[in-house]
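The structure file model.csv is reproduced below (CSV, C-alpha atoms).
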```
chain,number,residue,atom,x,y,z
A,4,ILE,CA,0.0,0.0,0.0
A,5,ASP,CA,2.8,2.4,0.9
A,6,THR,CA,4.4,1.8,-2.5
A,7,VAL,CA,1.2,2.5,-4.3
A,8,LEU,CA,0.8,5.7,-2.3
A,9,GLU,CA,4.4,6.6,-3.1
A,10,ASP,CA,5.3,6.7,0.6
A,11,TYR,CA,8.6,5.0,-0.2
A,12,PRO,CA,10.4,5.4,3.2
A,13,ALA,CA,7.3,3.7,4.9
A,14,ALA,CA,7.3,1.0,2.2
A,15,LEU,CA,11.0,0.2,2.9
A,16,ASN,CA,10.4,0.0,6.6
A,17,ALA,CA,7.4,-2.3,5.9
A,18,TYR,CA,9.7,-4.6,3.9
A,19,ASP,CA,12.3,-4.5,6.6
A,20,THR,CA,9.7,-5.6,9.1
A,21,ALA,CA,8.3,-8.3,6.9
A,22,MET,CA,11.8,-9.7,6.1
A,23,LYS,CA,12.6,-9.9,9.8
A,24,ALA,CA,9.4,-11.8,10.4
A,25,ARG,CA,9.8,-14.1,7.4
A,26,PRO,CA,13.5,-14.2,6.4
A,27,ASP,CA,12.8,-17.1,4.1
A,28,ARG,CA,10.3,-15.2,1.9
A,29,ALA,CA,12.1,-14.6,-1.4
A,30,ASP,CA,9.1,-12.7,-2.9
A,31,ILE,CA,9.4,-10.0,-0.2
A,32,VAL,CA,13.1,-9.5,-0.9
A,33,GLU,CA,12.4,-9.4,-4.7
A,34,GLU,CA,9.8,-6.6,-4.2
A,35,ARG,CA,12.1,-4.6,-2.0
A,36,ALA,CA,14.9,-4.9,-4.5
A,37,ALA,CA,12.6,-3.7,-7.3
A,38,LEU,CA,11.7,-0.7,-5.2
A,39,GLU,CA,15.3,0.1,-4.5
A,40,VAL,CA,16.1,0.0,-8.2
A,41,ARG,CA,13.1,2.3,-8.8
A,42,LEU,CA,14.5,4.7,-6.2
A,43,LEU,CA,18.0,4.4,-7.8
A,44,ARG,CA,19.4,3.0,-4.6
A,45,PHE,CA,21.6,0.6,-6.5
A,46,ASP,CA,23.9,-0.4,-3.7
A,47,ALA,CA,21.0,-1.4,-1.6
A,48,ALA,CA,19.4,-3.3,-4.5
A,49,ILE,CA,22.7,-5.1,-5.1
A,50,SER,CA,22.6,-6.3,-1.5
A,51,SER,CA,18.9,-7.4,-1.9
A,52,TYR,CA,19.5,-9.3,-5.1
A,53,THR,CA,22.6,-11.0,-3.6
A,54,ARG,CA,20.4,-12.1,-0.7
A,55,LEU,CA,17.8,-13.2,-3.1
A,56,TYR,CA,20.4,-15.4,-4.9
A,57,GLY,CA,21.0,-17.3,-1.7
A,58,LEU,CA,17.3,-17.6,-0.9
A,59,THR,CA,16.5,-19.1,-4.3
A,60,TYR,CA,19.1,-21.8,-4.3
A,61,SER,CA,21.6,-19.9,-6.5
A,62,ASP,CA,19.1,-18.8,-9.2
A,63,PRO,CA,21.5,-17.0,-11.6
A,64,GLN,CA,19.0,-14.4,-12.7
A,65,TRP,CA,19.6,-12.5,-9.5
A,66,LEU,CA,23.3,-12.3,-9.9
A,67,ASN,CA,22.8,-11.2,-13.5
A,68,ARG,CA,20.8,-8.3,-12.1
A,69,VAL,CA,23.6,-7.6,-9.7
A,70,ALA,CA,26.0,-7.5,-12.6
A,71,GLU,CA,23.7,-5.1,-14.5
A,72,LEU,CA,23.6,-2.7,-11.5
A,73,GLN,CA,27.3,-2.9,-10.9
A,74,ALA,CA,27.8,-2.0,-14.6
A,75,ARG,CA,25.4,1.0,-14.2
A,76,LEU,CA,27.6,2.2,-11.3
A,77,GLY,CA,30.7,1.9,-13.5
A,78,ARG,CA,32.2,-1.1,-11.5
A,79,LYS,CA,33.3,-3.2,-14.4
A,80,GLY,CA,35.3,-5.7,-12.4
A,81,GLU,CA,32.4,-6.3,-10.0
A,82,ALA,CA,30.0,-6.7,-12.9
A,83,ILE,CA,32.2,-9.3,-14.6
A,84,ALA,CA,32.7,-11.2,-11.3
A,85,ALA,CA,28.9,-11.3,-10.8
A,86,LEU,CA,28.3,-12.7,-14.3
A,87,GLU,CA,31.0,-15.3,-13.9
A,88,ARG,CA,29.7,-16.4,-10.5
A,89,ALA,CA,26.1,-16.6,-11.9
A,90,ASN,CA,26.9,-18.4,-15.1
A,91,ILE,CA,30.1,-20.5,-14.7
A,92,GLY,CA,29.1,-23.3,-12.5
A,93,ALA,CA,30.5,-26.7,-11.8
A,94,GLY,CA,30.5,-27.5,-15.5
A,95,GLY,CA,33.1,-24.9,-16.2
A,96,GLU,CA,33.2,-22.7,-19.2
A,97,THR,CA,31.0,-23.7,-22.2
A,98,VAL,CA,30.4,-22.0,-25.5
A,99,SER,CA,26.9,-21.0,-24.4
A,100,VAL,CA,28.1,-19.6,-21.1
A,101,LEU,CA,30.9,-17.5,-22.6
A,102,PHE,CA,28.7,-16.0,-25.3
A,103,GLY,CA,26.0,-15.4,-22.7
A,104,ILE,CA,28.5,-13.4,-20.7
A,105,ALA,CA,29.7,-11.6,-23.8
A,106,GLU,CA,26.2,-10.6,-24.8
A,107,SER,CA,25.4,-9.3,-21.3
A,108,LEU,CA,28.6,-7.2,-21.3
A,109,ASN,CA,27.8,-5.9,-24.7
A,110,SER,CA,24.3,-4.9,-23.5
A,111,PHE,CA,26.1,-3.1,-20.6
A,112,ARG,CA,28.1,-1.2,-23.2
A,113,MET,CA,31.3,-2.9,-21.9
A,114,TYR,CA,32.4,-3.5,-25.5
A,115,SER,CA,36.1,-4.5,-25.1
A,116,GLU,CA,35.2,-6.8,-22.2
A,117,ALA,CA,32.5,-8.4,-24.3
A,118,LEU,CA,35.0,-9.0,-27.0
A,119,ARG,CA,37.3,-10.9,-24.7
A,120,TYR,CA,34.5,-13.4,-23.8
A,121,ALA,CA,33.3,-13.6,-27.4
A,122,GLU,CA,36.8,-14.5,-28.5
A,123,ARG,CA,37.0,-17.2,-25.8
A,124,GLY,CA,33.7,-18.6,-26.9
A,125,PHE,CA,34.8,-18.5,-30.6
A,126,THR,CA,38.0,-20.4,-29.8
A,127,LEU,CA,36.2,-23.0,-27.7
A,128,ALA,CA,33.6,-23.6,-30.3
A,129,GLY,CA,36.1,-24.0,-33.2
A,130,ASN,CA,34.4,-25.2,-36.4
A,131,ASP,CA,31.3,-26.2,-34.5
A,132,LEU,CA,30.4,-22.5,-34.1
A,133,TRP,CA,28.8,-22.4,-37.6
A,134,THR,CA,27.0,-25.7,-37.4
A,135,LYS,CA,25.9,-26.0,-33.7
A,136,TYR,CA,25.9,-22.3,-32.6
A,137,PRO,CA,25.1,-20.1,-35.6
A,138,ALA,CA,23.4,-17.5,-33.4
A,139,PHE,CA,26.6,-17.1,-31.5
A,140,GLY,CA,28.4,-16.7,-34.8
A,141,VAL,CA,26.2,-13.7,-35.4
A,142,SER,CA,27.0,-12.4,-31.9
A,143,TYR,CA,30.7,-12.8,-32.5
A,144,ALA,CA,30.7,-11.0,-35.8
A,145,LYS,CA,28.7,-8.1,-34.4
A,146,ILE,CA,30.9,-7.7,-31.3
A,147,VAL,CA,34.0,-7.9,-33.5
A,148,ALA,CA,32.6,-5.3,-35.8
A,149,ARG,CA,31.7,-3.0,-32.9
A,150,ASN,CA,35.2,-3.2,-31.6
A,151,ARG,CA,36.6,-2.2,-35.1
A,152,ARG,CA,38.4,-5.6,-35.3
A,153,THR,CA,38.1,-5.7,-39.1
A,154,THR,CA,40.9,-8.2,-39.6
A,155,GLU,CA,39.0,-10.8,-37.5
A,156,LEU,CA,35.8,-9.8,-39.2
A,157,LEU,CA,37.1,-10.4,-42.7
A,158,ALA,CA,38.6,-13.6,-41.6
A,159,LEU,CA,35.1,-15.0,-41.2
A,160,ARG,CA,34.8,-15.3,-45.0
A,161,SER,CA,34.6,-18.8,-46.4
A,162,GLN,CA,35.7,-20.4,-49.7
A,163,THR,CA,32.5,-22.5,-49.8
A,164,PRO,CA,28.9,-21.3,-49.4
A,165,ASP,CA,28.0,-21.2,-45.7
A,166,ALA,CA,24.6,-19.8,-44.7
A,167,ALA,CA,25.7,-19.2,-41.1
A,168,ARG,CA,28.8,-17.2,-42.0
A,169,ILE,CA,26.9,-15.3,-44.6
A,170,ASN,CA,24.3,-14.3,-42.1
A,171,ALA,CA,27.0,-13.3,-39.5
A,172,LEU,CA,28.8,-11.1,-42.0
A,173,GLN,CA,25.5,-9.5,-43.1
A,174,SER,CA,24.6,-8.8,-39.5
A,175,ALA,CA,28.0,-7.3,-38.8
A,176,GLY,CA,27.5,-5.0,-41.8
A,177,THR,CA,24.6,-3.3,-40.0
A,178,ILE,CA,27.0,-2.4,-37.2
A,179,VAL,CA,29.4,-0.9,-39.7
A,180,ALA,CA,26.6,1.0,-41.4
A,181,SER,CA,25.3,2.6,-38.2
A,182,LEU,CA,28.5,3.1,-36.1
A,183,TYR,CA,31.6,3.5,-38.4
A,184,THR,CA,32.8,6.9,-39.5
A,185,PRO,CA,33.2,7.7,-43.2
A,186,GLU,CA,37.0,7.2,-42.7
A,187,GLU,CA,36.5,3.8,-41.1
A,188,LYS,CA,34.2,2.7,-43.8
A,189,ALA,CA,36.7,3.8,-46.5
A,190,ASP,CA,39.4,1.9,-44.7
A,191,LEU,CA,37.3,-1.3,-44.6
A,192,ALA,CA,36.3,-0.8,-48.3
A,193,ALA,CA,40.0,-0.5,-49.2
A,194,ARG,CA,40.8,-3.7,-47.4
A,195,MET,CA,37.9,-5.5,-49.1
A,196,SER,CA,38.9,-4.3,-52.5
A,197,SER,CA,41.9,-6.7,-52.5
A,198,LEU,CA,39.6,-9.6,-51.7
A,199,ALA,CA,37.5,-11.7,-54.1
A,200,VAL,CA,34.3,-10.1,-53.1
A,201,GLN,CA,32.6,-11.2,-56.3
A,202,THR,CA,33.1,-14.9,-55.5
A,203,ASP,CA,32.3,-14.7,-51.8
A,204,GLU,CA,28.6,-14.3,-50.9
A,205,GLY,CA,29.4,-13.4,-47.3
A,206,LEU,CA,31.7,-10.5,-48.2
A,207,LEU,CA,29.2,-9.3,-50.7
A,208,ARG,CA,26.4,-9.3,-48.1
A,209,LEU,CA,28.8,-7.5,-45.7
A,210,ALA,CA,29.5,-4.8,-48.3
A,211,GLN,CA,25.8,-4.3,-49.1
A,212,SER,CA,24.6,-4.1,-45.5
A,213,ALA,CA,27.5,-1.9,-44.5
A,214,GLY,CA,26.6,0.6,-47.2
A,215,LEU,CA,29.9,0.0,-49.1
A,216,GLU,CA,28.1,0.6,-52.4
A,217,ASP,CA,31.2,0.8,-54.6
A,218,ILE,CA,32.5,-2.5,-53.4
A,219,ALA,CA,29.1,-4.1,-53.8
A,220,ALA,CA,28.5,-2.7,-57.2
A,221,GLN,CA,31.9,-3.8,-58.4
A,222,ALA,CA,31.3,-7.3,-57.3
A,223,MET,CA,27.8,-7.4,-58.8
A,224,ARG,CA,29.0,-6.2,-62.2
A,225,THR,CA,31.0,-9.4,-62.7
A,226,VAL,CA,29.9,-11.9,-65.3
A,227,ALA,CA,28.7,-14.4,-62.6
A,228,ARG,CA,26.5,-11.8,-60.9
A,229,ARG,CA,25.5,-9.6,-63.8
A,230,PRO,CA,21.8,-10.8,-63.8
A,231,GLN,CA,21.6,-10.0,-60.0
A,232,TYR,CA,23.2,-6.6,-60.6
A,233,ILE,CA,20.7,-5.7,-63.4
A,234,ALA,CA,17.8,-6.8,-61.3
A,235,ARG,CA,18.9,-4.8,-58.4
A,236,GLN,CA,19.4,-1.7,-60.5
A,237,SER,CA,15.9,-2.0,-62.0
A,238,GLU,CA,14.4,-2.0,-58.5
A,239,ARG,CA,15.7,1.5,-57.8
```
Will you turn the file into structure tokens for me?
Amino acid sequence: IDTVLEDYPAALNAYDTAMKARPDRADIVEERAALEVRLLRFDAAISSYTRLYGLTYSDPQWLNRVAELQARLGRKGEAIAALERANIGAGGETVSVLFGIAESLNSFRMYSEALRYAERGFTLAGNDLWTKYPAFGVSYAKIVARNRRTTELLALRSQTPDAARINALQSAGTIVASLYTPEEKADLAARMSSLAVQTDEGLLRLAQSAGLEDIAAQAMRTVARRPQYIARQSER
């Protein structure tokens, strides 16, 4: 009632009383934590979510919330520690866990830290990345692109048609289109100009989605792709 009436100090006191009376009630702690976040009392909310983690038999979602709040407070080390504690259990590091942490860090705008975990997931997955974990292949390509690691991005090309790699490169192109400066796009285009874009569907999709029109048009004007080029021009 106090929360509805926006008497927040009284609401917090009521939660304190209820938690003392029923220390095993996870729902009360959850409600208090939500109110603390609403009031921007992030340190208090971190304590509540940490307590909730213990009350719910180590449910990782609560430490993931702790990590989010630590990141909002600029505590990168604590955010990473919370994510690792929540997600790396007795089974150790897995591809899914590493990419899950990478995606969380990316959502926290901790881009270089996200790259480190994405690289670890990429290495652990090996060639299975494209067959067993194609969604993580997309995540890897986008995180690499956001970090301006164009050497690693272009290394994702394949000599054989590979739908997963093509999709990953196309998705990375949207990052290039929205975030790269004209100079960065020109540099990427210059690097791509020395590659066989006309015979690599993934690089072509990257060029198209990144807005590198000169590279895309040059590739599409080749004999093999001339019908596609003509059709595309007629659509404009």
Next on the checklist: Would you pick out the contacts of stretch 97-108 of chain A at 12 Å or less, using only C-alpha atoms, so that residues sharing its chain but fewer than 6 positions from it are not included, and give the list as JSON, numbers by chain?
Outcome noted: {"A": [63, 64, 66, 67, 68, 69, 70, 71, 72, 73, 74, 75, 79, 80, 81, 82, 83, 84, 85, 86, 87, 88, 89, 90, 91, 114, 115, 116, 117, 118, 119, 120, 121, 122, 123, 124, 125, 126, 127, 128, 129, 131, 132, 135, 136, 137, 138, 139, 140, 141, 142, 143, 144, 145, 146, 147]}
Checklist entry - Leaving out stretch 37-40 of chain A and any residue of its chain fewer than 4 positions from it, which residues lie within 9 Å of it when counting only C-alpha atoms, given as a PyMOL selection string? => result chain A and resi 6+11+14-15+32-33+44-49+51+72
Next on the checklist: Quick one: residues within 12 Å of A:Leu182, all atoms listed in the file, excluding same-chain residues fewer than 6 positions away - as a PyMOL selection string?
Outcome noted: chain A and resi 145+148-151+175-176+188+213-214
Checklist entry - In Å to one decimal, how far is atom CA of A:Leu159 from atom CA of A:Met223? => result 20.5 Å
Next on the checklist: Which residues are close to A:Gly205, i.e. within 10 Å by only C-alpha atoms, leaving aside same-chain residues fewer than 6 positions away? Reply as a ChimeraX atom specification.
Outcome noted: /A:157,159-173,211
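Coordinates place atom CA of A:Ser212 at a distance of 5.6 Å from atom CA of A:Thr177.
For the pair atom CA of A:Ala219 and atom CA of A:Gln201, the separation is 8.3 Å.
Using all atoms listed in the file, the nearest neighbour of A:Glu216 within the list A:Ala13, A:Leu55, A:Ala199, A:Ala192 is A:Ala192.
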Next on the checklist: Could you check the closest approach to A:Glu186 for each of A:Val200, A:Gly92, A:Glu155, A:Leu215 and tell me which residue wins, using all atoms listed in the file?
Outcome noted: A:Leu215
